[in-house]
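Source file final.pdb; content: PDB, C-alpha atoms, pLDDT in the B column.
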ATOM      1  CA  MET A  22      18.593 -27.073 -11.221  1.00 43.00           C
ATOM      2  CA  ILE A  23      20.325 -28.783  -8.301  1.00 46.00           C
ATOM      3  CA  PHE A  24      22.675 -25.813  -7.908  1.00 43.00           C
ATOM      4  CA  SER A  25      19.831 -23.292  -7.746  1.00 47.00           C
ATOM      5  CA  SER A  26      17.934 -25.482  -5.222  1.00 47.00           C
ATOM      6  CA  ALA A  27      21.015 -25.708  -3.015  1.00 44.00           C
ATOM      7  CA  LYS A  28      21.547 -21.971  -3.369  1.00 42.00           C
ATOM      8  CA  ALA A  29      17.926 -21.297  -2.397  1.00 40.00           C
ATOM      9  CA  ALA A  30      18.209 -23.592   0.631  1.00 40.00           C
ATOM     10  CA  PHE A  31      21.399 -21.858   1.759  1.00 36.00           C
ATOM     11  CA  LEU A  32      19.781 -18.447   1.381  1.00 36.00           C
ATOM     12  CA  ALA A  33      16.703 -19.539   3.369  1.00 39.00           C
ATOM     13  CA  ALA A  34      18.911 -20.978   6.147  1.00 38.00           C
ATOM     14  CA  SER A  35      20.998 -17.794   6.244  1.00 36.00           C
ATOM     15  CA  LEU A  36      17.924 -15.613   6.525  1.00 34.00           C
ATOM     16  CA  GLY A  37      16.546 -17.841   9.264  1.00 35.00           C
ATOM     17  CA  LEU A  38      19.743 -17.515  11.286  1.00 32.00           C
ATOM     18  CA  ALA A  39      19.907 -13.771  10.698  1.00 32.00           C
ATOM     19  CA  SER A  40      16.406 -13.360  12.081  1.00 32.00           C
ATOM     20  CA  CYS A  41      17.558 -14.931  15.378  1.00 31.00           C
ATOM     21  CA  VAL A  42      20.289 -12.329  15.902  1.00 31.00           C
ATOM     22  CA  PRO A  43      19.085  -9.422  18.086  1.00 32.00           C
ATOM     23  CA  MET A  44      19.191  -6.033  16.384  1.00 33.00           C
ATOM     24  CA  ASP A  45      19.863  -2.739  18.141  1.00 43.00           C
ATOM     25  CA  LEU A  46      17.318  -0.947  15.988  1.00 42.00           C
ATOM     26  CA  PRO A  47      14.370  -2.090  13.925  1.00 46.00           C
ATOM     27  CA  ASN A  48      14.224  -1.959  10.153  1.00 47.00           C
ATOM     28  CA  GLN A  49      10.760  -0.452  10.476  1.00 48.00           C
ATOM     29  CA  PRO A  50       9.431   2.258  12.779  1.00 50.00           C
ATOM     30  CA  TYR A  51       8.514   1.256  16.297  1.00 51.00           C
ATOM     31  CA  ASN A  52       4.968   0.177  17.127  1.00 53.00           C
ATOM     32  CA  LEU A  53       3.007   3.379  16.568  1.00 52.00           C
ATOM     33  CA  PRO A  54       1.177   4.864  18.379  1.00 51.00           C
ATOM     34  CA  THR A  55       2.595   3.535  21.662  1.00 59.00           C
ATOM     35  CA  ARG A  56       6.324   3.728  20.854  1.00 66.00           C
ATOM     36  CA  VAL A  57       8.210   5.745  18.270  1.00 81.00           C
ATOM     37  CA  GLY A  58      11.714   5.122  19.542  1.00 77.00           C
ATOM     38  CA  PRO A  59      13.751   3.103  21.990  1.00 80.00           C
ATOM     39  CA  GLY A  60      13.645   5.905  24.563  1.00 83.00           C
ATOM     40  CA  LYS A  61      10.878   5.543  27.095  1.00 86.00           C
ATOM     41  CA  ALA A  62      10.415   9.148  28.233  1.00 92.00           C
ATOM     42  CA  ASN A  63       7.525  10.957  26.560  1.00 93.00           C
ATOM     43  CA  LEU A  64       8.230  14.591  25.728  1.00 94.00           C
ATOM     44  CA  PRO A  65       6.604  17.459  27.602  1.00 95.00           C
ATOM     45  CA  THR A  66       5.757  20.471  25.411  1.00 96.00           C
ATOM     46  CA  GLY A  67       8.928  22.430  26.225  1.00 96.00           C
ATOM     47  CA  THR A  68      11.208  19.469  25.568  1.00 96.00           C
ATOM     48  CA  ALA A  69       9.489  18.680  22.261  1.00 97.00           C
ATOM     49  CA  VAL A  70       9.839  22.254  21.000  1.00 97.00           C
ATOM     50  CA  SER A  71      13.441  22.524  22.235  1.00 97.00           C
ATOM     51  CA  LEU A  72      14.500  19.243  20.600  1.00 97.00           C
ATOM     52  CA  PHE A  73      12.804  20.230  17.347  1.00 97.00           C
ATOM     53  CA  ARG A  74      14.647  23.570  17.353  1.00 97.00           C
ATOM     54  CA  GLN A  75      17.937  21.859  18.185  1.00 96.00           C
ATOM     55  CA  VAL A  76      17.733  19.404  15.281  1.00 97.00           C
ATOM     56  CA  CYS A  77      15.515  21.026  12.634  1.00 96.00           C
ATOM     57  CA  GLY A  78      15.736  24.714  13.463  1.00 96.00           C
ATOM     58  CA  ALA A  79      19.498  24.836  13.839  1.00 95.00           C
ATOM     59  CA  THR A  80      20.095  23.187  10.452  1.00 95.00           C
ATOM     60  CA  ALA A  81      17.375  24.892   8.368  1.00 94.00           C
ATOM     61  CA  PRO A  82      16.619  25.408   5.575  1.00 93.00           C
ATOM     62  CA  SER A  83      18.489  22.521   3.875  1.00 91.00           C
ATOM     63  CA  PHE A  84      18.856  20.307   7.008  1.00 93.00           C
ATOM     64  CA  ALA A  85      22.081  18.956   5.473  1.00 91.00           C
ATOM     65  CA  GLU A  86      23.881  19.181   8.828  1.00 94.00           C
ATOM     66  CA  ALA A  87      21.102  17.561  10.875  1.00 95.00           C
ATOM     67  CA  ALA A  88      22.199  13.944  10.354  1.00 94.00           C
ATOM     68  CA  PRO A  89      25.915  14.612  11.045  1.00 95.00           C
ATOM     69  CA  GLN A  90      25.002  16.592  14.177  1.00 96.00           C
ATOM     70  CA  MET A  91      22.742  13.823  15.487  1.00 96.00           C
ATOM     71  CA  ARG A  92      25.458  11.224  14.835  1.00 95.00           C
ATOM     72  CA  ALA A  93      28.059  13.353  16.625  1.00 96.00           C
ATOM     73  CA  SER A  94      25.838  14.105  19.629  1.00 95.00           C
ATOM     74  CA  GLY A  95      25.723  10.522  20.864  1.00 93.00           C
ATOM     75  CA  GLN A  96      22.039  11.026  21.772  1.00 95.00           C
ATOM     76  CA  PHE A  97      20.715   9.266  18.674  1.00 95.00           C
ATOM     77  CA  SER A  98      20.906   5.878  17.011  1.00 92.00           C
ATOM     78  CA  GLU A  99      20.570   5.626  13.249  1.00 90.00           C
ATOM     79  CA  ALA A 100      18.400   2.893  11.775  1.00 86.00           C
ATOM     80  CA  PRO A 101      18.999   1.377   8.333  1.00 78.00           C
ATOM     81  CA  ILE A 102      15.888   3.186   7.071  1.00 78.00           C
ATOM     82  CA  ASP A 103      17.326   6.722   7.514  1.00 80.00           C
ATOM     83  CA  VAL A 104      15.565   7.324  10.807  1.00 90.00           C
ATOM     84  CA  PHE A 105      17.343   8.677  13.875  1.00 95.00           C
ATOM     85  CA  TYR A 106      15.981   7.419  17.197  1.00 93.00           C
ATOM     86  CA  HIS A 107      16.602   9.374  20.384  1.00 94.00           C
ATOM     87  CA  ARG A 108      18.213   7.045  22.910  1.00 93.00           C
ATOM     88  CA  SER A 109      16.358   8.271  26.018  1.00 93.00           C
ATOM     89  CA  LEU A 110      13.300  10.098  24.665  1.00 94.00           C
ATOM     90  CA  ASN A 111      10.355   8.524  22.857  1.00 93.00           C
ATOM     91  CA  ALA A 112      11.141  10.401  19.621  1.00 95.00           C
ATOM     92  CA  GLN A 113      12.538   9.913  16.137  1.00 94.00           C
ATOM     93  CA  PHE A 114      13.696  12.149  13.292  1.00 96.00           C
ATOM     94  CA  ARG A 115      13.771  11.708   9.563  1.00 94.00           C
ATOM     95  CA  ILE A 116      15.742  14.122   7.383  1.00 93.00           C
ATOM     96  CA  TYR A 117      15.096  14.810   3.713  1.00 89.00           C
ATOM     97  CA  ASP A 118      17.987  17.018   2.600  1.00 78.00           C
ATOM     98  CA  ASN A 119      17.551  16.706  -1.145  1.00 78.00           C
ATOM     99  CA  PRO A 120      17.181  19.946  -3.140  1.00 80.00           C
ATOM    100  CA  GLY A 121      13.512  20.449  -3.858  1.00 81.00           C
ATOM    101  CA  ASN A 122      12.527  18.225  -0.939  1.00 83.00           C
ATOM    102  CA  TRP A 123      14.073  19.744   2.186  1.00 91.00           C
ATOM    103  CA  ARG A 124      12.218  18.513   5.265  1.00 94.00           C
ATOM    104  CA  CYS A 125      12.975  17.612   8.838  1.00 96.00           C
ATOM    105  CA  THR A 126      10.303  15.554  10.595  1.00 95.00           C
ATOM    106  CA  MET A 127      10.099  14.687  14.277  1.00 96.00           C
ATOM    107  CA  VAL A 128       7.617  12.029  15.423  1.00 94.00           C
ATOM    108  CA  PHE A 129       7.218  11.851  19.181  1.00 94.00           C
ATOM    109  CA  ARG A 130       5.019  10.762  22.068  1.00 92.00           C
ATOM    110  CA  SER A 131       3.751  13.288  24.575  1.00 93.00           C
ATOM    111  CA  ASP A 132       1.387  13.343  27.504  1.00 90.00           C
ATOM    112  CA  SER A 133       0.794  17.060  26.889  1.00 92.00           C
ATOM    113  CA  GLY A 134      -2.474  17.966  25.249  1.00 88.00           C
ATOM    114  CA  ALA A 135      -2.645  18.378  21.489  1.00 91.00           C
ATOM    115  CA  GLY A 136      -3.813  21.992  21.876  1.00 92.00           C
ATOM    116  CA  ALA A 137      -0.796  23.058  23.922  1.00 93.00           C
ATOM    117  CA  LEU A 138       1.581  21.318  21.551  1.00 95.00           C
ATOM    118  CA  ALA A 139      -0.100  22.743  18.445  1.00 94.00           C
ATOM    119  CA  SER A 140       0.028  26.323  19.724  1.00 95.00           C
ATOM    120  CA  SER A 141       3.676  25.963  20.794  1.00 96.00           C
ATOM    121  CA  PHE A 142       4.738  24.643  17.398  1.00 95.00           C
ATOM    122  CA  ALA A 143       2.599  27.255  15.593  1.00 94.00           C
ATOM    123  CA  ALA A 144       4.493  29.967  17.463  1.00 94.00           C
ATOM    124  CA  LEU A 145       7.887  28.719  16.197  1.00 93.00           C
ATOM    125  CA  ARG A 146       9.600  30.990  13.737  1.00 93.00           C
ATOM    126  CA  ILE A 147      12.471  29.332  11.907  1.00 93.00           C
ATOM    127  CA  PRO A 148      13.947  31.357   9.039  1.00 92.00           C
ATOM    128  CA  GLY A 149      13.477  29.757   5.646  1.00 90.00           C
ATOM    129  CA  VAL A 150      11.017  27.053   6.688  1.00 93.00           C
ATOM    130  CA  GLY A 151       7.374  26.522   7.491  1.00 94.00           C
ATOM    131  CA  VAL A 152       6.556  24.541  10.612  1.00 95.00           C
ATOM    132  CA  PHE A 153       3.611  22.158  10.600  1.00 93.00           C
ATOM    133  CA  PHE A 154       2.135  20.127  13.441  1.00 94.00           C
ATOM    134  CA  GLN A 155       0.019  16.977  13.156  1.00 92.00           C
ATOM    135  CA  THR A 156      -1.793  14.790  15.627  1.00 88.00           C
ATOM    136  CA  THR A 157      -1.271  11.192  14.579  1.00 78.00           C
ATOM    137  CA  SER A 158      -3.242   9.250  17.199  1.00 72.00           C
ATOM    138  CA  GLY A 159      -3.489   8.788  20.939  1.00 74.00           C
ATOM    139  CA  GLY A 160      -0.547  10.881  22.083  1.00 83.00           C
ATOM    140  CA  THR A 161       1.676  10.498  19.019  1.00 90.00           C
ATOM    141  CA  TYR A 162       2.476  13.719  17.167  1.00 93.00           C
ATOM    142  CA  SER A 163       4.515  14.938  14.216  1.00 94.00           C
ATOM    143  CA  ALA A 164       6.287  18.251  13.792  1.00 95.00           C
ATOM    144  CA  ILE A 165       7.558  19.032  10.308  1.00 95.00           C
ATOM    145  CA  ALA A 166       9.907  21.765   9.105  1.00 95.00           C
ATOM    146  CA  ARG A 167       9.727  22.220   5.351  1.00 95.00           C
ATOM    147  CA  ALA A 168      11.767  24.639   3.279  1.00 92.00           C
ATOM    148  CA  ASN A 169       9.605  27.533   2.104  1.00 81.00           C
ATOM    149  CA  GLY A 170       8.777  27.671  -1.565  1.00 69.00           C
ATOM    150  CA  LEU A 171       8.567  23.909  -2.029  1.00 61.00           C
TER     151      LEU A 171
END
Take the structure I supplied and represent it as structure tokens, if you would.
Amino acid sequence: MIFSSAKAAFLAASLGLASCVPMDLPNQPYNLPTRVGPGKANLPTGTAVSLFRQVCGATAPSFAEAAPQMRASGQFSEAPIDVFYHRSLNAQFRIYDNPGNWRCTMVFRSDSGAGALASSFAALRIPGVGVFFQTTSGGTYSAIARANGL
């Protein structure tokens, strides 16, 4: 019993010290809806569509190359929860590249109106995937590329 109590005390002390160490990236998503990434710049419509094409469109339909490309670009930081945060833009990506569940999701902040964003994403044609757009709340949006047939 004494050993397990000492072990528990050591573990609690270790966790307490670890919580004092600053982390580059959170273990959970940023405070939605005001921030979705460390970057402060909200995305205008053209930038949002272009970034989505660059990451999701260029690697469709399996998105297997999306994560390696984001790592290599130097524009993204990877969190322990499989989220890629853009360093300068208020945006994040999550890649699901498992057969039967191929998706690429971008969550971002924009000052553009939901209507303009929705029509721009609806006009995207990416071979092998369907593109979906969602309004989350108060200027936070999601664009999702999902492999067709799933």
Give me the residues within 8 Å of Asp103 (chain A) as a PDB file with C-alpha atoms, in the coordinates of the input, counting only C-alpha atoms and dropping any in the same chain fewer than 4 places off.
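Wrote out_24.pdb, looks like this:
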ATOM      1  CA  GLU A  99      20.570   5.626  13.249  1.00 90.00           C
ATOM      2  CA  ARG A 115      13.771  11.708   9.563  1.00 94.00           C
ATOM      3  CA  ILE A 116      15.742  14.122   7.383  1.00 93.00           C
TER       4      ILE A 116
END
Practice task
Within 10 Å of Ala135 (chain A), counting only C-alpha atoms, which residues show up once you throw out same-chain ones fewer than 3 positions away? Write them as a ChimeraX atom specification, please.
Solution key: /A:66,131-132,138-141,154-156,159-162
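Atom pair CA of Pro148 (chain A) / CA of Ile102 (chain A) has a distance of 28.3 Å (rounded to one decimal).
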Problem - 12 Å contact set for Ala87 (chain A), all atoms listed in the file, chain neighbours under 3 positions out, as a PyMOL selection string - result: chain A and resi 72-84+90-94+97+103-105+114-118+123-127
Practice task
Tell me which of A:Asn63, A:Gln96, A:Ser109, A:Ser71 sits closest to Phe129 (chain A), counting all atoms listed in the file.
Solution key: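 Selected residue with least distance to Phe129 (chain A): A:Asn63.
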For the structure just given, write the atoms of region 58-104 of chain A, namely N, CA and C atoms, as a JSON list (two decimals), in the first residue's frame.
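Output file decode-v9.json is given in full below:
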[["chain", "number", "residue", "atom", "x", "y", "z"],
["A", 58, "GLY", "N", -7.25, 28.36, -34.59],
["A", 58, "GLY", "CA", -5.84, 28.06, -34.77],
["A", 58, "GLY", "C", -5.00, 29.16, -34.16],
["A", 59, "PRO", "N", -3.70, 28.97, -34.17],
["A", 59, "PRO", "CA", -2.82, 29.99, -33.61],
["A", 59, "PRO", "C", -2.70, 31.22, -34.50],
["A", 60, "GLY", "N", -2.95, 31.05, -35.81],
["A", 60, "GLY", "CA", -2.89, 32.19, -36.72],
["A", 60, "GLY", "C", -4.02, 33.16, -36.43],
["A", 61, "LYS", "N", -3.73, 34.43, -36.59],
["A", 61, "LYS", "CA", -4.72, 35.44, -36.23],
["A", 61, "LYS", "C", -5.53, 35.95, -37.42],
["A", 62, "ALA", "N", -5.04, 35.75, -38.64],
["A", 62, "ALA", "CA", -5.70, 36.30, -39.81],
["A", 62, "ALA", "C", -6.90, 35.45, -40.23],
["A", 63, "ASN", "N", -8.09, 36.06, -40.21],
["A", 63, "ASN", "CA", -9.27, 35.38, -40.72],
["A", 63, "ASN", "C", -9.18, 35.29, -42.23],
["A", 64, "LEU", "N", -9.82, 34.29, -42.81],
["A", 64, "LEU", "CA", -9.69, 34.02, -44.24],
["A", 64, "LEU", "C", -10.78, 34.71, -45.05],
["A", 65, "PRO", "N", -10.39, 35.53, -46.04],
["A", 65, "PRO", "CA", -11.39, 36.00, -47.00],
["A", 65, "PRO", "C", -11.82, 34.82, -47.87],
["A", 66, "THR", "N", -12.91, 34.96, -48.59],
["A", 66, "THR", "CA", -13.47, 33.86, -49.39],
["A", 66, "THR", "C", -12.43, 33.23, -50.31],
["A", 67, "GLY", "N", -11.73, 34.04, -51.08],
["A", 67, "GLY", "CA", -10.74, 33.51, -52.04],
["A", 67, "GLY", "C", -9.63, 32.73, -51.38],
["A", 68, "THR", "N", -9.15, 33.20, -50.25],
["A", 68, "THR", "CA", -8.09, 32.51, -49.52],
["A", 68, "THR", "C", -8.59, 31.18, -48.96],
["A", 69, "ALA", "N", -9.82, 31.19, -48.43],
["A", 69, "ALA", "CA", -10.39, 29.95, -47.88],
["A", 69, "ALA", "C", -10.52, 28.89, -48.96],
["A", 70, "VAL", "N", -11.06, 29.25, -50.10],
["A", 70, "VAL", "CA", -11.24, 28.29, -51.20],
["A", 70, "VAL", "C", -9.88, 27.82, -51.71],
["A", 71, "SER", "N", -8.94, 28.73, -51.88],
["A", 71, "SER", "CA", -7.60, 28.38, -52.37],
["A", 71, "SER", "C", -6.88, 27.43, -51.42],
["A", 72, "LEU", "N", -6.93, 27.71, -50.13],
["A", 72, "LEU", "CA", -6.28, 26.84, -49.14],
["A", 72, "LEU", "C", -6.92, 25.46, -49.12],
["A", 73, "PHE", "N", -8.24, 25.42, -49.20],
["A", 73, "PHE", "CA", -8.96, 24.15, -49.23],
["A", 73, "PHE", "C", -8.55, 23.33, -50.46],
["A", 74, "ARG", "N", -8.46, 23.98, -51.61],
["A", 74, "ARG", "CA", -8.01, 23.28, -52.83],
["A", 74, "ARG", "C", -6.59, 22.77, -52.68],
["A", 75, "GLN", "N", -5.73, 23.61, -52.11],
["A", 75, "GLN", "CA", -4.32, 23.27, -51.95],
["A", 75, "GLN", "C", -4.13, 22.04, -51.09],
["A", 76, "VAL", "N", -4.88, 21.93, -50.00],
["A", 76, "VAL", "CA", -4.70, 20.82, -49.07],
["A", 76, "VAL", "C", -5.60, 19.64, -49.44],
["A", 77, "CYS", "N", -6.90, 19.88, -49.55],
["A", 77, "CYS", "CA", -7.86, 18.79, -49.77],
["A", 77, "CYS", "C", -7.97, 18.42, -51.25],
["A", 78, "GLY", "N", -8.10, 19.41, -52.09],
["A", 78, "GLY", "CA", -8.30, 19.15, -53.52],
["A", 78, "GLY", "C", -7.10, 18.49, -54.17],
["A", 79, "ALA", "N", -5.92, 18.91, -53.81],
["A", 79, "ALA", "CA", -4.71, 18.39, -54.44],
["A", 79, "ALA", "C", -4.39, 16.96, -54.00],
["A", 80, "THR", "N", -4.98, 16.49, -52.92],
["A", 80, "THR", "CA", -4.66, 15.15, -52.41],
["A", 80, "THR", "C", -5.84, 14.19, -52.46],
["A", 81, "ALA", "N", -6.94, 14.64, -53.08],
["A", 81, "ALA", "CA", -8.15, 13.80, -53.18],
["A", 81, "ALA", "C", -7.91, 12.64, -54.13],
["A", 82, "PRO", "N", -8.62, 11.53, -54.01],
["A", 82, "PRO", "CA", -9.72, 11.32, -53.08],
["A", 82, "PRO", "C", -9.32, 10.65, -51.77],
["A", 83, "SER", "N", -8.09, 10.15, -51.63],
["A", 83, "SER", "CA", -7.75, 9.44, -50.38],
["A", 83, "SER", "C", -7.16, 10.37, -49.32],
["A", 84, "PHE", "N", -6.66, 11.54, -49.72],
["A", 84, "PHE", "CA", -6.05, 12.53, -48.82],
["A", 84, "PHE", "C", -4.82, 11.99, -48.09],
["A", 85, "ALA", "N", -4.28, 10.88, -48.56],
["A", 85, "ALA", "CA", -3.13, 10.26, -47.90],
["A", 85, "ALA", "C", -1.89, 11.17, -47.92],
["A", 86, "GLU", "N", -1.78, 12.02, -48.92],
["A", 86, "GLU", "CA", -0.61, 12.90, -49.02],
["A", 86, "GLU", "C", -0.81, 14.25, -48.34],
["A", 87, "ALA", "N", -2.01, 14.51, -47.84],
["A", 87, "ALA", "CA", -2.28, 15.82, -47.24],
["A", 87, "ALA", "C", -1.40, 16.09, -46.02],
["A", 88, "ALA", "N", -1.35, 15.16, -45.08],
["A", 88, "ALA", "CA", -0.55, 15.36, -43.87],
["A", 88, "ALA", "C", 0.94, 15.53, -44.20],
["A", 89, "PRO", "N", 1.55, 14.65, -45.03],
["A", 89, "PRO", "CA", 2.96, 14.86, -45.36],
["A", 89, "PRO", "C", 3.21, 16.20, -46.06],
["A", 90, "GLN", "N", 2.29, 16.62, -46.92],
["A", 90, "GLN", "CA", 2.47, 17.91, -47.60],
["A", 90, "GLN", "C", 2.37, 19.08, -46.63],
["A", 91, "MET", "N", 1.45, 19.01, -45.67],
["A", 91, "MET", "CA", 1.35, 20.09, -44.69],
["A", 91, "MET", "C", 2.60, 20.15, -43.81],
["A", 92, "ARG", "N", 3.10, 18.97, -43.41],
["A", 92, "ARG", "CA", 4.33, 18.93, -42.61],
["A", 92, "ARG", "C", 5.49, 19.55, -43.37],
["A", 93, "ALA", "N", 5.62, 19.20, -44.65],
["A", 93, "ALA", "CA", 6.74, 19.66, -45.47],
["A", 93, "ALA", "C", 6.65, 21.14, -45.81],
["A", 94, "SER", "N", 5.45, 21.70, -45.83],
["A", 94, "SER", "CA", 5.28, 23.09, -46.25],
["A", 94, "SER", "C", 5.84, 24.09, -45.25],
["A", 95, "GLY", "N", 5.90, 23.73, -43.98],
["A", 95, "GLY", "CA", 6.34, 24.66, -42.96],
["A", 95, "GLY", "C", 5.28, 25.67, -42.55],
["A", 96, "GLN", "N", 4.10, 25.62, -43.18],
["A", 96, "GLN", "CA", 3.02, 26.55, -42.87],
["A", 96, "GLN", "C", 2.11, 26.04, -41.75],
["A", 97, "PHE", "N", 2.28, 24.79, -41.36],
["A", 97, "PHE", "CA", 1.37, 24.17, -40.40],
["A", 97, "PHE", "C", 2.12, 23.60, -39.22],
["A", 98, "SER", "N", 1.42, 23.56, -38.09],
["A", 98, "SER", "CA", 1.90, 22.87, -36.90],
["A", 98, "SER", "C", 0.94, 21.73, -36.63],
["A", 99, "GLU", "N", 1.49, 20.59, -36.23],
["A", 99, "GLU", "CA", 0.65, 19.42, -35.98],
["A", 99, "GLU", "C", 0.45, 19.26, -34.48],
["A", 100, "ALA", "N", -0.80, 19.15, -34.08],
["A", 100, "ALA", "CA", -1.13, 18.93, -32.67],
["A", 100, "ALA", "C", -1.17, 17.44, -32.38],
["A", 101, "PRO", "N", -1.07, 17.06, -31.12],
["A", 101, "PRO", "CA", -1.12, 15.63, -30.76],
["A", 101, "PRO", "C", -2.46, 14.97, -31.08],
["A", 102, "ILE", "N", -3.47, 15.74, -31.42],
["A", 102, "ILE", "CA", -4.79, 15.17, -31.69],
["A", 102, "ILE", "C", -5.08, 15.09, -33.19],
["A", 103, "ASP", "N", -4.02, 14.96, -34.01],
["A", 103, "ASP", "CA", -4.16, 14.82, -35.47],
["A", 103, "ASP", "C", -4.86, 15.99, -36.12],
["A", 104, "VAL", "N", -4.57, 17.18, -35.64],
["A", 104, "VAL", "CA", -5.07, 18.41, -36.24],
["A", 104, "VAL", "C", -3.86, 19.20, -36.69]]
